file structure-v5.txt (compact mmCIF, C-alpha atoms)
# COMPACT_ATOMS: atom_id res chain seq x y z
CA MET A 1 107.50 95.92 92.34
CA ARG A 2 104.07 94.49 93.07
CA ILE A 3 103.83 90.91 94.34
CA LEU A 4 100.82 88.66 94.98
CA VAL A 5 101.19 86.14 97.81
CA VAL A 6 98.86 83.12 97.59
CA GLU A 7 99.26 81.05 100.78
CA ASP A 8 96.46 79.46 102.81
CA GLU A 9 98.37 79.31 106.11
CA GLN A 10 97.41 82.69 107.53
CA ASP A 11 100.43 83.07 109.83
CA LEU A 12 102.92 82.22 107.08
CA ASN A 13 101.03 84.48 104.66
CA ASN A 14 101.34 87.37 107.12
CA VAL A 15 105.05 86.74 107.73
CA ILE A 16 105.87 86.66 104.01
CA CYS A 17 103.83 89.79 103.30
CA ASN A 18 105.36 91.75 106.17
CA LYS A 19 108.90 90.81 105.18
CA LEU A 20 108.28 91.68 101.54
CA ARG A 21 106.84 95.06 102.46
CA ALA A 22 109.82 95.74 104.72
CA SER A 23 112.03 94.98 101.70
CA GLY A 24 110.25 97.59 99.59
CA TYR A 25 107.70 95.51 97.67
CA SER A 26 104.04 96.36 97.24
CA VAL A 27 102.13 93.26 98.31
CA ASP A 28 98.63 91.84 97.96
CA SER A 29 97.61 88.48 99.39
CA CYS A 30 94.86 85.87 99.42
CA LEU A 31 94.23 82.46 100.95
CA ASN A 32 92.74 80.31 98.18
CA GLY A 33 93.03 79.60 94.47
CA GLU A 34 89.69 81.09 93.52
CA ASP A 35 90.61 84.49 94.96
CA ALA A 36 94.07 84.20 93.37
CA LEU A 37 92.47 83.97 89.94
CA ASP A 38 90.43 87.10 90.63
CA TYR A 39 93.47 89.04 91.82
CA ILE A 40 95.61 88.01 88.85
CA ARG A 41 92.89 88.72 86.30
CA VAL A 42 92.16 92.19 87.70
CA GLY A 43 95.56 93.34 88.96
CA ARG A 44 98.95 93.79 87.36
CA TYR A 45 101.71 91.95 89.19
CA ASP A 46 105.44 91.64 88.67
CA GLY A 47 105.37 88.21 90.28
CA VAL A 48 103.17 85.71 92.13
CA LEU A 49 104.22 83.50 95.07
CA MET A 50 101.92 80.48 94.78
CA ASP A 51 101.29 77.69 97.26
CA ILE A 52 100.12 74.44 95.66
CA MET A 53 97.80 72.87 98.24
CA LEU A 54 95.18 75.62 98.25
CA PRO A 55 91.46 75.54 99.07
CA LYS A 56 88.91 75.74 96.22
CA ILE A 57 91.44 75.58 93.35
CA ASN A 58 94.98 74.26 93.81
CA GLY A 59 98.00 76.25 92.72
CA PHE A 60 98.80 74.02 89.75
CA GLU A 61 95.31 74.54 88.34
CA VAL A 62 95.49 78.29 88.88
CA VAL A 63 98.70 78.51 86.87
CA LYS A 64 97.35 76.27 84.11
CA MET A 65 94.28 78.53 83.83
CA ILE A 66 96.15 81.84 83.69
CA ARG A 67 98.66 80.47 81.18
CA ALA A 68 95.78 79.25 78.99
CA GLU A 69 94.44 82.82 79.10
CA GLY A 70 97.79 84.18 77.89
CA ASP A 71 98.89 85.65 81.22
CA ARG A 72 102.69 85.42 81.49
CA THR A 73 103.07 86.85 85.01
CA PRO A 74 106.06 85.09 86.63
CA VAL A 75 105.03 82.48 89.21
CA LEU A 76 107.21 81.06 91.99
CA PHE A 77 105.72 77.95 93.60
CA LEU A 78 106.16 77.79 97.39
CA THR A 79 105.33 74.32 98.68
CA ALA A 80 106.24 71.39 100.90
CA ARG A 81 105.70 69.02 97.96
CA ASP A 82 109.29 68.18 97.10
CA THR A 83 109.14 65.19 94.76
CA VAL A 84 110.87 65.44 91.41
CA GLU A 85 107.54 64.70 89.72
CA ASP A 86 105.84 67.66 91.43
CA ILE A 87 108.71 70.02 90.60
CA VAL A 88 108.81 68.98 86.95
CA HIS A 89 105.02 69.22 86.67
CA GLY A 90 104.99 72.71 88.18
CA LEU A 91 107.61 73.95 85.75
CA ASP A 92 106.03 72.20 82.77
CA ILE A 93 102.63 73.84 83.29
CA GLY A 94 104.14 77.32 83.36
CA GLY A 95 105.74 77.93 86.74
CA ASN A 96 108.96 79.94 86.60
CA ASP A 97 110.60 78.57 89.73
CA TYR A 98 109.98 76.24 92.66
CA LEU A 99 111.01 76.79 96.31
CA ILE A 100 110.59 74.06 98.92
CA LYS A 101 109.31 74.87 102.42
CA PRO A 102 110.87 75.63 104.80
CA PHE A 103 113.01 78.24 103.08
CA SER A 104 115.15 81.19 104.09
CA PHE A 105 113.76 84.61 103.35
CA GLU A 106 117.08 85.65 101.79
CA GLU A 107 116.72 82.85 99.24
CA LEU A 108 113.10 83.82 98.59
CA LEU A 109 114.16 87.41 97.83
CA ALA A 110 116.88 86.15 95.49
CA ARG A 111 114.38 83.92 93.64
CA ILE A 112 111.94 86.84 93.32
CA ARG A 113 114.70 89.00 91.82
CA VAL A 114 115.43 86.28 89.27
CA ILE A 115 111.86 85.68 88.10
CA THR A 116 111.00 89.38 87.94
CA ARG A 117 114.06 90.38 85.98
CA ASN A 118 113.48 87.52 83.55
CA LYS A 119 109.92 88.73 83.02
CA ASP A 120 111.14 91.13 80.38
CA GLN A 121 114.17 90.53 78.17
CA GLY A 122 114.90 94.24 78.28
CA TYR A 123 115.29 94.25 82.04
CA ALA A 124 118.54 95.56 83.44
CA SER A 125 119.59 95.43 87.07
CA VAL A 126 121.36 98.80 86.92
CA HIS A 127 119.56 101.87 85.59
CA THR A 128 121.25 105.19 84.93
CA LEU A 129 120.30 108.76 84.07
CA ALA A 130 122.97 111.45 83.96
CA ASP A 131 125.01 110.84 87.15
CA LEU A 132 122.16 108.96 88.87
CA LYS A 133 122.57 105.19 89.21
CA VAL A 134 119.94 102.83 90.65
CA ASP A 135 120.92 99.21 91.21
CA SER A 136 117.75 97.12 91.59
CA ALA A 137 119.60 93.98 92.65
CA ALA A 138 121.82 95.62 95.27
CA ARG A 139 119.09 98.17 96.12
CA THR A 140 121.57 101.04 96.10
CA VAL A 141 121.33 104.58 94.72
CA TYR A 142 124.21 106.88 93.77
CA ARG A 143 124.54 110.37 92.32
CA GLY A 144 128.08 110.51 91.13
CA ASP A 145 130.23 109.05 93.91
CA ARG A 146 127.71 109.85 96.63
CA GLU A 147 125.50 107.06 97.96
CA ILE A 148 121.95 108.13 98.80
CA GLU A 149 119.95 106.32 101.48
CA LEU A 150 116.27 105.79 100.62
CA SER A 151 113.38 104.19 102.47
CA PRO A 152 111.84 101.10 100.80
CA LYS A 153 108.92 103.14 99.43
CA GLU A 154 111.21 105.91 98.18
CA PHE A 155 113.37 103.30 96.45
CA ALA A 156 110.31 101.67 94.85
CA LEU A 157 109.17 105.04 93.50
CA LEU A 158 112.60 106.01 92.16
CA GLU A 159 113.10 102.57 90.60
CA TYR A 160 109.73 102.83 88.83
CA MET A 161 110.57 106.32 87.56
CA ILE A 162 114.06 105.47 86.28
CA ILE A 163 112.83 102.31 84.53
CA ASN A 164 110.36 104.63 82.79
CA LYS A 165 112.75 107.58 82.44
CA GLY A 166 111.56 110.15 79.93
CA LYS A 167 107.93 109.04 80.30
CA VAL A 168 105.35 111.15 82.08
CA LEU A 169 103.86 109.05 84.88
CA SER A 170 100.46 110.01 86.24
CA ARG A 171 99.77 109.91 89.96
CA GLU A 172 97.32 107.08 89.26
CA ALA A 173 99.99 105.03 87.46
CA ILE A 174 102.39 105.52 90.35
CA GLU A 175 99.74 104.54 92.90
CA ASP A 176 98.84 101.44 90.89
CA HIS A 177 102.45 100.32 90.67
CA ILE A 178 103.83 100.89 94.15
CA TYR A 179 100.82 100.62 96.46
CA ASP A 180 98.75 97.65 97.59
CA VAL A 181 95.30 96.90 96.21
CA ASP A 182 93.79 98.12 99.52
CA TYR A 183 95.19 101.60 98.92
CA GLU A 184 92.25 103.86 98.08
CA GLY A 185 94.09 106.92 96.85
CA GLY A 186 92.52 110.34 97.22
CA SER A 187 95.39 111.73 99.28
CA ASN A 188 98.60 113.57 98.47
CA VAL A 189 100.82 110.61 99.39
CA VAL A 190 102.43 110.47 95.93
CA ASN A 191 103.20 114.20 96.12
CA VAL A 192 104.72 113.69 99.56
CA TYR A 193 107.06 110.91 98.38
CA ILE A 194 108.03 112.92 95.31
CA ARG A 195 108.98 115.72 97.69
CA PHE A 196 111.02 113.31 99.82
CA LEU A 197 112.85 112.09 96.70
CA ARG A 198 113.57 115.61 95.50
CA ARG A 199 115.20 116.47 98.83
CA LYS A 200 117.57 113.53 98.49
CA ILE A 201 118.02 113.17 94.71
CA ASP A 202 117.81 116.75 93.43
CA GLU A 203 118.25 119.46 96.05
CA PRO A 204 121.91 118.75 96.91
CA PHE A 205 122.85 118.75 93.20
CA GLU A 206 122.92 121.37 90.47
CA LYS A 207 121.25 119.23 87.80
CA LYS A 208 117.59 118.50 88.58
CA LEU A 209 116.13 115.22 87.33
CA ILE A 210 112.60 115.01 88.81
CA HIS A 211 110.15 117.25 86.98
CA THR A 212 106.46 118.02 87.41
CA VAL A 213 104.31 118.03 84.30
CA ARG A 214 101.40 120.20 85.33
CA GLY A 215 98.08 118.39 85.10
CA SER A 216 99.73 115.12 84.05
CA GLY A 217 102.16 113.83 86.67
CA TYR A 218 105.91 113.48 86.99
CA VAL A 219 108.86 112.55 84.80
CA LEU A 220 112.47 111.62 85.50
CA LYS A 221 114.67 113.14 82.78
CA GLU A 222 117.56 115.44 81.98
CA GLU A 223 116.53 118.93 80.97
call {"tool": "encode", "arguments": {"input": "structure-v5.txt", "output": "structure tokens"}}
result
Amino acid sequence: MRILVVEDEQDLNNVICNKLRASGYSVDSCLNGEDALDYIRVGRYDGVLMDIMLPKINGFEVVKMIRAEGDRTPVLFLTARDTVEDIVHGLDIGGNDYLIKPFSFEELLARIRVITRNKDQGYASVHTLADLKVDSAARTVYRGDREIELSPKEFALLEYMIINKGKVLSREAIEDHIYDVDYEGGSNVVNVYIRFLRRKIDEPFEKKLIHTVRGSGYVLKEE
């Protein structure tokens, strides 16, 4: 999943981004509300972590503006402003959740899982195809009774493919979904991670699930 972190304290911004990346998320970040608007309008995010007291445009105003434009990207406010009035106002203008600083990173991850799975009513935590099972909440992968260990990036790729099982995904679509905005493409990194996945998901098993569609991309499906 792709997350935008909007936090003007550079050190805290860096800590949040690094921890999210270590947990398998693709992360972009900025330090003020004006840049946040640009990122949200141009990018496609599964969720936004939004400070309130931001330079240029505050977080409340950013959310009011994107909601007025019809953007329903889930927003989790991260702030030291803990009055009931602030919390109610943030939720009333279109925020999806509100987390008071300081917070534990484990709680932040749990809140992110909630707002991103509520983004779409069709979301399911557990995705299956044949004997493959991917649990997005527990971040586990099984083929049959065998648990398969994946790196965060491998998990992000497999999760994206199984959510879109049966659909041909271009390399560009995969790059856009699981890599940061600074990623420039032009390399074979997607091919490399597909190869890593095949070694773990397909090669030890008779039934192959990851297929190449020549000239188009890749698809996760039963033959």
call {"tool": "residues_around", "arguments": {"input": "structure-v5.txt", "residues": "Asp86 (chain A)", "least_positions_apart": "6", "cutoff": "10 Å", "atoms": "all atoms listed in the file", "output": "tab-separated table (two decimals) with C-alpha atoms, in the coordinates of the input"}}
result
chain	number	residue	atom	x	y	z
A	52	ILE	CA	100.12	74.44	95.66
A	60	PHE	CA	98.80	74.02	89.75
A	79	THR	CA	105.33	74.32	98.68
A	92	ASP	CA	106.03	72.20	82.77
A	98	TYR	CA	109.98	76.24	92.66
call {"tool": "atom_distance", "arguments": {"input": "structure-v5.txt", "atom1": "CA of Glu107 (chain A)", "atom2": "CA of Gly33 (chain A)"}}
result
24.4 Å
call {"tool": "atom_distance", "arguments": {"input": "structure-v5.txt", "atom1": "CA of Leu31 (chain A)", "atom2": "CA of Asp8 (chain A)"}}
result
4.2 Å
call {"tool": "closest_residue", "arguments": {"input": "structure-v5.txt", "among": "A:Ala173, A:Thr116, A:Lys56, A:Thr83", "to": "Ile3 (chain A)", "atoms": "only C-alpha atoms"}}
result
A:Thr116
call {"tool": "atom_distance", "arguments": {"input": "structure-v5.txt", "atom1": "CA of Ile174 (chain A)", "atom2": "CA of Val63 (chain A)"}}
result
27.5 Å
call {"tool": "closest_atom_pairs", "arguments": {"input": "structure-v5.txt", "of": "region 14-83 of chain A", "to": "region 130-146 of chain A", "cutoff": "12 Å", "atoms": "all atoms listed in the file", "output": "CSV"}}
result
residue,atom,partner,partner_atom,distance
A:Ser23,CA,A:Arg139,CA,9.5
A:Gly24,CA,A:Arg139,CA,9.5
A:Tyr25,CA,A:Arg139,CA,11.8
call {"tool": "closest_residue", "arguments": {"input": "structure-v5.txt", "among": "A:Gly94, A:Asp82, A:Ala156, A:Phe77", "to": "Ala22 (chain A)", "atoms": "only C-alpha atoms"}}
result
A:Ala156
call {"tool": "closest_residue", "arguments": {"input": "structure-v5.txt", "among": "A:Lys64, A:Lys101, A:Arg113, A:Arg214", "to": "Ser170 (chain A)", "atoms": "all atoms listed in the file"}}
result
A:Arg214
call {"tool": "residues_around", "arguments": {"input": "structure-v5.txt", "residues": "Glu7 (chain A)", "least_positions_apart": "3", "cutoff": "7 Å", "atoms": "only C-alpha atoms", "output": "PDB file with C-alpha atoms, in the coordinates of the input"}}
result
ATOM      1  CA  ASN A  13     101.030  84.480 104.660  1.00  0.00           C
ATOM      2  CA  CYS A  30      94.860  85.870  99.420  1.00  0.00           C
ATOM      3  CA  LEU A  31      94.230  82.460 100.950  1.00  0.00           C
ATOM      4  CA  MET A  50     101.920  80.480  94.780  1.00  0.00           C
ATOM      5  CA  ASP A  51     101.290  77.690  97.260  1.00  0.00           C
TER       6      ASP A  51
END
call {"tool": "closest_residue", "arguments": {"input": "structure-v5.txt", "among": "A:Arg111, A:Gly217, A:Arg2, A:Ile100", "to": "Gly43 (chain A)", "atoms": "all atoms listed in the file"}}
result
A:Arg2
call {"tool": "axis_aligned_box", "arguments": {"input": "structure-v5.txt", "around": "region 50-57 of chain A", "padding_each_side": "6 Å", "output": "AutoDock Vina command-line options"}}
result
--center_x 95.4 --center_y 76.7 --center_z 96.2 --size_x 25.0 --size_y 19.6 --size_z 17.7
